Amino acid sequence: MCISALIYTSLAVTKAQELDATVSINAQQIEASYRDRFKTLETDLQEFLNAQQWTANQFGQQERIQCTFAFTINEMPSSDSYKASLTVQARRPVYYSNYQTSTLNWKDDNLSFNYTEGQTFQFNEFSLDNELIAVSAYYIYLILASDYDSFSPNGGEPFLRKCESIVSQMQSSESKGWKAFDDKKNRHALITALLDANQADFRTLWYNYHRLGLDAMYQSMDKGRAQVSQALPLLNNVRKANVQTPLLSLFISAKLDELLNIYSEAPKKEKEEIFKTLQNLFPTYTNKLSKIKEEYRE
C-alpha cells in the first residue's frame, strides 16, 4: 500500500522516547536438547530491555519506540557460549497518520556471547562486562539516536556519544565488531561515521527526510515528497567524504521499500530524476529501484 493511502487527519502523534522492544531467538541450527534455554533468554532479555530506563525523559506507554531484536544462533562452541547474528529494526510514527516509518533495519553478523540459563541482566554504562548486554545497549542507543535525529537536528547526539562510549569500553573484547578495520560496516565503523563531521550531511538528510518530508505529507503529498527529493542528494556528499561509508547501507536498508511507495504517484519526470539519483548512489539495487519508473501519473 502506498503512503498516500495511509495519510489521514487524526490526533497528533507524540514523540516516542523509550522502547517497546520485542526479542526473538531462532535456534533451529542448535541441537534440540539445548533450545529451551533460548526461550528463557528470549523472555528475560525482552523484559530487561523494556524495564531498563535508557533516557532521562518521562514517557507514556503509547510513546514508546517500537523495535525488534531478532537473534539467530549459528553456533554453540561450548555449553554456554554462542555465535549469532542479530537484526535490529525500529519504527516511528509519521505525524497525523497511522503509518510507521522504518528508522533502523540493520543486520550484525558478528555477535559472540556467553549465557547461562537463568542468569540475571544488569546494565552499567560505565562498566560493561557482558557482551550480549553491551551489543544490546549499543543498538538501543542507536535506535534512540535515529529517532531523536528524525525529530530535531542532531537531537540524537547524546545517544550516539553513548554508543561511542560502549565501543571504546569494548576494545579489549575478543569478539568481532568493536574494533576499527575489522569490518567496514561493524559497530565501530558505524558510530565513527555517524559522528564524523565530514559526513554530517547524513544526519541533516535524516532530519529533512522525516520532519520536513514525511511529517508534512498529511498537508500535501507533493510538497512532502519534494522535501524528500531535495534531501536525497545530500547522500552524494556523504559518499564523497568516505566512499566506503556504512551510512549508505544504513539508509537504503531502512528506506528502500518506502522510497518505492513515496514515488509511486509522482509525475514521470520526477520519477526519472529520483531514479537516476538513487541508481547512482545504490547501483546494486538498480533492479528494485527501476520500479520507481513504473505506473507514473501525468
# chains A, B, ... in the order shown; residues from 1 in each chain; ligands from 1
>>> select_by_dssp(residues="stretch 130-297 of chain A", states="alpha helix (DSSP H)", output="VMD selection string")
chain A and resid 131 to 151 157 to 169 187 to 194 201 to 207 221 to 231 234 to 241 247 to 262 268 to 281 286 to 289
>>> write_last_selection(atoms="C-alpha atoms", output="short mmCIF file (atom, residue, chain, number, x, y, z; two decimals), in the first residue's frame")
data_model
loop_
_atom_site.label_atom_id
_atom_site.label_comp_id
_atom_site.auth_asym_id
_atom_site.auth_seq_id
_atom_site.Cartn_x
_atom_site.Cartn_y
_atom_site.Cartn_z
CA GLU A 131 28.95 -8.95 25.56
CA LEU A 132 25.23 -9.53 24.99
CA ILE A 133 24.22 -6.53 27.10
CA ALA A 134 26.91 -4.35 25.51
CA VAL A 135 25.67 -5.15 22.00
CA SER A 136 22.03 -4.71 23.01
CA ALA A 137 22.74 -1.36 24.69
CA TYR A 138 24.71 -0.18 21.65
CA TYR A 139 21.75 -0.81 19.37
CA ILE A 140 19.27 0.64 21.84
CA TYR A 141 21.19 3.90 21.87
CA LEU A 142 21.43 3.76 18.07
CA ILE A 143 17.64 3.35 17.91
CA LEU A 144 17.19 6.33 20.22
CA ALA A 145 19.65 8.43 18.22
CA SER A 146 17.89 7.62 14.93
CA ASP A 147 14.54 8.51 16.47
CA TYR A 148 15.65 11.77 18.06
CA ASP A 149 17.60 12.85 14.96
CA SER A 150 14.42 12.43 12.92
CA PHE A 151 12.54 14.91 15.11
CA GLU A 157 23.78 13.36 19.70
CA PRO A 158 23.76 12.24 23.38
CA PHE A 159 22.83 8.71 22.37
CA LEU A 160 25.47 8.50 19.66
CA ARG A 161 28.02 9.50 22.29
CA LYS A 162 26.81 6.62 24.45
CA CYS A 163 27.33 4.26 21.50
CA GLU A 164 30.83 5.70 21.15
CA SER A 165 31.49 5.09 24.86
CA ILE A 166 30.36 1.47 24.59
CA VAL A 167 32.64 0.88 21.59
CA SER A 168 35.54 2.43 23.49
CA GLN A 169 34.96 0.24 26.54
CA ARG A 187 29.72 -1.26 15.19
CA HIS A 188 32.94 0.75 15.35
CA ALA A 189 32.69 1.84 11.70
CA LEU A 190 29.03 2.78 12.01
CA ILE A 191 29.32 5.02 15.06
CA THR A 192 32.54 6.57 13.72
CA ALA A 193 30.74 7.51 10.50
CA LEU A 194 27.71 8.92 12.31
CA ASP A 201 25.12 15.71 5.87
CA PHE A 202 23.73 12.26 6.62
CA ARG A 203 22.10 13.46 9.81
CA THR A 204 20.89 16.63 8.07
CA LEU A 205 19.32 14.40 5.43
CA TRP A 206 17.76 12.23 8.14
CA TYR A 207 16.02 15.20 9.77
CA MET A 221 1.89 14.64 -0.56
CA ASP A 222 3.54 16.60 -3.37
CA LYS A 223 5.21 19.15 -1.07
CA GLY A 224 6.34 16.48 1.38
CA ARG A 225 7.75 14.37 -1.43
CA ALA A 226 9.56 17.45 -2.80
CA GLN A 227 11.34 17.81 0.54
CA VAL A 228 12.42 14.17 0.37
CA SER A 229 13.69 14.73 -3.17
CA GLN A 230 15.70 17.77 -2.06
CA ALA A 231 17.22 15.81 0.84
CA LEU A 234 22.95 15.01 0.40
CA LEU A 235 23.93 11.35 0.27
CA ASN A 236 26.32 12.26 -2.54
CA ASN A 237 28.24 14.47 -0.12
CA VAL A 238 28.39 11.63 2.39
CA ARG A 239 29.82 9.28 -0.23
CA LYS A 240 32.37 11.88 -1.33
CA ALA A 241 33.54 12.22 2.27
CA LEU A 247 25.88 5.19 6.15
CA LEU A 248 24.64 4.50 2.63
CA SER A 249 23.83 0.93 3.66
CA LEU A 250 22.24 2.25 6.85
CA PHE A 251 19.95 4.46 4.79
CA ILE A 252 18.92 2.12 1.99
CA SER A 253 18.32 -0.87 4.28
CA ALA A 254 15.74 1.19 6.18
CA LYS A 255 14.25 3.19 3.31
CA LEU A 256 14.26 1.24 0.04
CA ASP A 257 10.68 -0.02 0.13
CA GLU A 258 9.45 3.30 1.46
CA LEU A 259 11.08 5.20 -1.39
CA LEU A 260 9.29 2.99 -3.92
CA ASN A 261 5.99 3.92 -2.25
CA ILE A 262 6.76 7.61 -1.91
CA LYS A 268 7.15 10.87 -14.86
CA LYS A 269 9.90 13.50 -14.87
CA GLU A 270 10.21 13.42 -11.11
CA LYS A 271 10.37 9.62 -11.14
CA GLU A 272 13.14 9.63 -13.72
CA GLU A 273 15.20 12.21 -11.82
CA ILE A 274 14.96 10.44 -8.49
CA PHE A 275 15.69 7.08 -10.11
CA LYS A 276 18.93 8.46 -11.55
CA THR A 277 19.92 9.92 -8.19
CA LEU A 278 19.30 6.66 -6.34
CA GLN A 279 20.77 4.43 -9.04
CA ASN A 280 23.99 6.41 -8.92
CA LEU A 281 24.13 6.01 -5.14
CA THR A 286 19.07 -0.98 -9.79
CA ASN A 287 16.55 -3.74 -10.49
CA LYS A 288 14.41 -2.89 -7.49
CA LEU A 289 14.81 0.86 -7.93
#
>>> closest_residue(among="A:Glu117, A:Asp182, A:Glu265, A:Glu125", to="A:Glu42", atoms="only C-alpha atoms")
A:Glu117
>>> residues_around(residues="stretch 64-69 of chain A", least_positions_apart="6", cutoff="6 Å", atoms="only C-alpha atoms", output="PyMOL selection string")
chain A and resi 16-23+87-91
>>> atom_distance(atom1="atom CA of A:Phe48", atom2="atom CA of A:Leu86")
17.1 Å
>>> closest_residue(among="A:Gly177, A:Pro267, A:Pro153, A:Pro246", to="A:Tyr209", atoms="only C-alpha atoms")
A:Pro153
>>> closest_residue(among="A:Trp54, A:Tyr96, A:Phe113, A:Phe59", to="A:Asn74", atoms="only C-alpha atoms")
A:Phe113
>>> closest_residue(among="A:Tyr82, A:Trp178, A:Tyr218, A:Phe123", to="A:Tyr95", atoms="only C-alpha atoms")
A:Tyr218
>>> closest_residue(among="A:Ile30, A:Leu128, A:Leu49, A:Leu212", to="A:Pro77", atoms="only C-alpha atoms")
A:Ile30
>>> closest_residue(among="A:Gln53, A:Lys185, A:Gln199, A:Val94", to="A:Gly213", atoms="only C-alpha atoms")
A:Val94
>>> select_by_dssp(residues="stretch 43-266 of chain A", states="strand (DSSP E or B)", output="ChimeraX atom specification")
/A:65-78,81-93,97,100-114
>>> atom_distance(atom1="atom CA of A:Thr103", atom2="atom CA of A:Tyr263")
18.7 Å
>>> residues_around(residues="A:Gly118", least_positions_apart="5", cutoff="9 Å", atoms="only C-alpha atoms", output="PDB file with N, CA and C atoms, in the first residue's frame")
ATOM      1  N   ARG A  37      16.677 -23.304  26.655  1.00  0.00           N
ATOM      2  CA  ARG A  37      17.377 -22.188  27.306  1.00  0.00           C
ATOM      3  C   ARG A  37      17.184 -20.889  26.533  1.00  0.00           C
ATOM      4  N   THR A  40      14.036 -19.110  27.521  1.00  0.00           N
ATOM      5  CA  THR A  40      14.271 -18.345  28.753  1.00  0.00           C
ATOM      6  C   THR A  40      15.015 -17.061  28.453  1.00  0.00           C
ATOM      7  N   LEU A  41      16.059 -17.161  27.632  1.00  0.00           N
ATOM      8  CA  LEU A  41      16.834 -15.973  27.251  1.00  0.00           C
ATOM      9  C   LEU A  41      15.953 -14.958  26.527  1.00  0.00           C
ATOM     10  N   ASP A  44      13.679 -13.278  29.197  1.00  0.00           N
ATOM     11  CA  ASP A  44      14.412 -12.464  30.165  1.00  0.00           C
ATOM     12  C   ASP A  44      15.039 -11.232  29.520  1.00  0.00           C
TER      13      ASP A  44
END
>>> decode(residues="stretch 65-202 of chain A", atoms="C-alpha atoms", output="PDB file, in the first residue's frame")
ATOM      1  CA  ILE A  65       9.538   3.283  20.176  1.00  0.00           C
ATOM      2  CA  GLN A  66       8.534   0.016  18.566  1.00  0.00           C
ATOM      3  CA  CYS A  67      11.575  -2.124  17.845  1.00  0.00           C
ATOM      4  CA  THR A  68      12.620  -5.737  17.375  1.00  0.00           C
ATOM      5  CA  PHE A  69      15.784  -7.647  18.177  1.00  0.00           C
ATOM      6  CA  ALA A  70      15.878 -10.848  16.109  1.00  0.00           C
ATOM      7  CA  PHE A  71      18.735 -13.202  17.004  1.00  0.00           C
ATOM      8  CA  THR A  72      19.785 -16.253  15.009  1.00  0.00           C
ATOM      9  CA  ILE A  73      22.050 -18.650  16.903  1.00  0.00           C
ATOM     10  CA  ASN A  74      24.509 -20.062  14.387  1.00  0.00           C
ATOM     11  CA  GLU A  75      26.990 -21.964  16.526  1.00  0.00           C
ATOM     12  CA  MET A  76      27.498 -23.213  20.059  1.00  0.00           C
ATOM     13  CA  PRO A  77      31.283 -23.553  20.542  1.00  0.00           C
ATOM     14  CA  SER A  78      30.796 -24.660  24.155  1.00  0.00           C
ATOM     15  CA  SER A  79      27.929 -25.291  26.540  1.00  0.00           C
ATOM     16  CA  ASP A  80      27.491 -21.610  27.472  1.00  0.00           C
ATOM     17  CA  SER A  81      28.998 -19.726  24.520  1.00  0.00           C
ATOM     18  CA  TYR A  82      27.277 -18.798  21.271  1.00  0.00           C
ATOM     19  CA  LYS A  83      27.910 -17.228  17.900  1.00  0.00           C
ATOM     20  CA  ALA A  84      24.945 -15.433  16.386  1.00  0.00           C
ATOM     21  CA  SER A  85      23.650 -12.782  14.043  1.00  0.00           C
ATOM     22  CA  LEU A  86      21.297 -10.007  15.090  1.00  0.00           C
ATOM     23  CA  THR A  87      18.837  -7.981  13.046  1.00  0.00           C
ATOM     24  CA  VAL A  88      17.617  -4.798  14.732  1.00  0.00           C
ATOM     25  CA  GLN A  89      14.601  -2.928  13.413  1.00  0.00           C
ATOM     26  CA  ALA A  90      12.860   0.195  14.696  1.00  0.00           C
ATOM     27  CA  ARG A  91       9.991   2.403  13.593  1.00  0.00           C
ATOM     28  CA  ARG A  92       8.485   5.748  14.448  1.00  0.00           C
ATOM     29  CA  PRO A  93       5.053   7.198  13.596  1.00  0.00           C
ATOM     30  CA  VAL A  94       4.548   9.772  10.864  1.00  0.00           C
ATOM     31  CA  TYR A  95       2.588  12.823  12.011  1.00  0.00           C
ATOM     32  CA  TYR A  96      -1.201  12.766  11.582  1.00  0.00           C
ATOM     33  CA  SER A  97      -1.014   9.253  10.178  1.00  0.00           C
ATOM     34  CA  ASN A  98      -1.311   5.580  11.012  1.00  0.00           C
ATOM     35  CA  TYR A  99       1.899   4.963   9.048  1.00  0.00           C
ATOM     36  CA  GLN A 100       5.079   3.798  10.804  1.00  0.00           C
ATOM     37  CA  THR A 101       8.348   4.628   9.049  1.00  0.00           C
ATOM     38  CA  SER A 102      11.444   2.477   9.490  1.00  0.00           C
ATOM     39  CA  THR A 103      14.269   4.252  11.304  1.00  0.00           C
ATOM     40  CA  LEU A 104      16.605   1.261  11.547  1.00  0.00           C
ATOM     41  CA  ASN A 105      16.921  -2.065   9.744  1.00  0.00           C
ATOM     42  CA  TRP A 106      20.418  -3.345  10.402  1.00  0.00           C
ATOM     43  CA  LYS A 107      21.990  -6.811  10.483  1.00  0.00           C
ATOM     44  CA  ASP A 108      25.026  -7.568  12.638  1.00  0.00           C
ATOM     45  CA  ASP A 109      26.679 -10.875  11.745  1.00  0.00           C
ATOM     46  CA  ASN A 110      29.469 -10.737  14.319  1.00  0.00           C
ATOM     47  CA  LEU A 111      27.847 -11.432  17.656  1.00  0.00           C
ATOM     48  CA  SER A 112      29.529 -13.741  20.168  1.00  0.00           C
ATOM     49  CA  PHE A 113      28.396 -14.024  23.773  1.00  0.00           C
ATOM     50  CA  ASN A 114      28.214 -16.219  26.849  1.00  0.00           C
ATOM     51  CA  TYR A 115      24.957 -17.038  28.573  1.00  0.00           C
ATOM     52  CA  THR A 116      23.960 -19.393  31.366  1.00  0.00           C
ATOM     53  CA  GLU A 117      20.262 -20.178  31.632  1.00  0.00           C
ATOM     54  CA  GLY A 118      18.621 -18.131  34.352  1.00  0.00           C
ATOM     55  CA  GLN A 119      21.374 -15.530  34.692  1.00  0.00           C
ATOM     56  CA  THR A 120      20.238 -12.020  35.508  1.00  0.00           C
ATOM     57  CA  PHE A 121      20.961  -8.988  33.343  1.00  0.00           C
ATOM     58  CA  GLN A 122      22.294  -5.716  34.678  1.00  0.00           C
ATOM     59  CA  PHE A 123      23.470  -2.649  32.811  1.00  0.00           C
ATOM     60  CA  ASN A 124      26.096  -0.205  33.986  1.00  0.00           C
ATOM     61  CA  GLU A 125      27.090   2.123  31.161  1.00  0.00           C
ATOM     62  CA  PHE A 126      30.430   2.835  32.845  1.00  0.00           C
ATOM     63  CA  SER A 127      31.377  -0.799  33.462  1.00  0.00           C
ATOM     64  CA  LEU A 128      30.472  -3.247  30.718  1.00  0.00           C
ATOM     65  CA  ASP A 129      31.450  -6.873  31.220  1.00  0.00           C
ATOM     66  CA  ASN A 130      28.682  -8.704  29.350  1.00  0.00           C
ATOM     67  CA  GLU A 131      28.950  -8.953  25.559  1.00  0.00           C
ATOM     68  CA  LEU A 132      25.233  -9.529  24.992  1.00  0.00           C
ATOM     69  CA  ILE A 133      24.224  -6.531  27.104  1.00  0.00           C
ATOM     70  CA  ALA A 134      26.908  -4.346  25.511  1.00  0.00           C
ATOM     71  CA  VAL A 135      25.671  -5.153  21.996  1.00  0.00           C
ATOM     72  CA  SER A 136      22.028  -4.710  23.008  1.00  0.00           C
ATOM     73  CA  ALA A 137      22.744  -1.365  24.685  1.00  0.00           C
ATOM     74  CA  TYR A 138      24.710  -0.183  21.654  1.00  0.00           C
ATOM     75  CA  TYR A 139      21.749  -0.807  19.368  1.00  0.00           C
ATOM     76  CA  ILE A 140      19.265   0.644  21.837  1.00  0.00           C
ATOM     77  CA  TYR A 141      21.188   3.904  21.866  1.00  0.00           C
ATOM     78  CA  LEU A 142      21.432   3.764  18.073  1.00  0.00           C
ATOM     79  CA  ILE A 143      17.638   3.346  17.907  1.00  0.00           C
ATOM     80  CA  LEU A 144      17.188   6.327  20.221  1.00  0.00           C
ATOM     81  CA  ALA A 145      19.651   8.427  18.219  1.00  0.00           C
ATOM     82  CA  SER A 146      17.892   7.622  14.933  1.00  0.00           C
ATOM     83  CA  ASP A 147      14.543   8.512  16.468  1.00  0.00           C
ATOM     84  CA  TYR A 148      15.652  11.773  18.063  1.00  0.00           C
ATOM     85  CA  ASP A 149      17.603  12.848  14.964  1.00  0.00           C
ATOM     86  CA  SER A 150      14.424  12.428  12.920  1.00  0.00           C
ATOM     87  CA  PHE A 151      12.535  14.907  15.112  1.00  0.00           C
ATOM     88  CA  SER A 152      15.155  17.612  15.656  1.00  0.00           C
ATOM     89  CA  PRO A 153      18.511  18.482  14.021  1.00  0.00           C
ATOM     90  CA  ASN A 154      21.206  16.399  15.721  1.00  0.00           C
ATOM     91  CA  GLY A 155      18.765  15.578  18.505  1.00  0.00           C
ATOM     92  CA  GLY A 156      20.291  12.121  18.876  1.00  0.00           C
ATOM     93  CA  GLU A 157      23.785  13.364  19.701  1.00  0.00           C
ATOM     94  CA  PRO A 158      23.759  12.242  23.384  1.00  0.00           C
ATOM     95  CA  PHE A 159      22.829   8.708  22.375  1.00  0.00           C
ATOM     96  CA  LEU A 160      25.472   8.497  19.661  1.00  0.00           C
ATOM     97  CA  ARG A 161      28.021   9.502  22.290  1.00  0.00           C
ATOM     98  CA  LYS A 162      26.807   6.621  24.446  1.00  0.00           C
ATOM     99  CA  CYS A 163      27.334   4.264  21.502  1.00  0.00           C
ATOM    100  CA  GLU A 164      30.834   5.697  21.153  1.00  0.00           C
ATOM    101  CA  SER A 165      31.490   5.093  24.856  1.00  0.00           C
ATOM    102  CA  ILE A 166      30.358   1.466  24.587  1.00  0.00           C
ATOM    103  CA  VAL A 167      32.638   0.880  21.591  1.00  0.00           C
ATOM    104  CA  SER A 168      35.543   2.430  23.494  1.00  0.00           C
ATOM    105  CA  GLN A 169      34.959   0.240  26.542  1.00  0.00           C
ATOM    106  CA  MET A 170      34.700  -2.914  24.428  1.00  0.00           C
ATOM    107  CA  GLN A 171      38.107  -2.508  22.751  1.00  0.00           C
ATOM    108  CA  SER A 172      39.506  -5.258  24.983  1.00  0.00           C
ATOM    109  CA  SER A 173      36.819  -7.697  23.847  1.00  0.00           C
ATOM    110  CA  GLU A 174      37.993 -10.642  21.776  1.00  0.00           C
ATOM    111  CA  SER A 175      34.713 -10.615  19.843  1.00  0.00           C
ATOM    112  CA  LYS A 176      34.478  -9.080  16.397  1.00  0.00           C
ATOM    113  CA  GLY A 177      32.561  -5.883  15.697  1.00  0.00           C
ATOM    114  CA  TRP A 178      34.118  -3.478  18.168  1.00  0.00           C
ATOM    115  CA  LYS A 179      37.452  -2.600  16.570  1.00  0.00           C
ATOM    116  CA  ALA A 180      38.463  -0.358  13.704  1.00  0.00           C
ATOM    117  CA  PHE A 181      39.164  -2.029  10.384  1.00  0.00           C
ATOM    118  CA  ASP A 182      37.786  -5.441  11.425  1.00  0.00           C
ATOM    119  CA  ASP A 183      34.877  -4.749   9.104  1.00  0.00           C
ATOM    120  CA  LYS A 184      33.835  -1.706   7.076  1.00  0.00           C
ATOM    121  CA  LYS A 185      30.281  -1.942   8.433  1.00  0.00           C
ATOM    122  CA  ASN A 186      30.819  -3.066  12.007  1.00  0.00           C
ATOM    123  CA  ARG A 187      29.720  -1.261  15.192  1.00  0.00           C
ATOM    124  CA  HIS A 188      32.939   0.754  15.347  1.00  0.00           C
ATOM    125  CA  ALA A 189      32.690   1.841  11.705  1.00  0.00           C
ATOM    126  CA  LEU A 190      29.031   2.778  12.010  1.00  0.00           C
ATOM    127  CA  ILE A 191      29.325   5.017  15.057  1.00  0.00           C
ATOM    128  CA  THR A 192      32.542   6.569  13.718  1.00  0.00           C
ATOM    129  CA  ALA A 193      30.743   7.513  10.504  1.00  0.00           C
ATOM    130  CA  LEU A 194      27.712   8.923  12.307  1.00  0.00           C
ATOM    131  CA  LEU A 195      29.944  11.184  14.426  1.00  0.00           C
ATOM    132  CA  ASP A 196      32.269  12.177  11.577  1.00  0.00           C
ATOM    133  CA  ALA A 197      31.917  15.918  10.874  1.00  0.00           C
ATOM    134  CA  ASN A 198      32.772  15.273   7.221  1.00  0.00           C
ATOM    135  CA  GLN A 199      29.723  13.007   6.942  1.00  0.00           C
ATOM    136  CA  ALA A 200      27.393  15.301   8.886  1.00  0.00           C
ATOM    137  CA  ASP A 201      25.122  15.711   5.866  1.00  0.00           C
ATOM    138  CA  PHE A 202      23.732  12.265   6.622  1.00  0.00           C
TER     139      PHE A 202
END
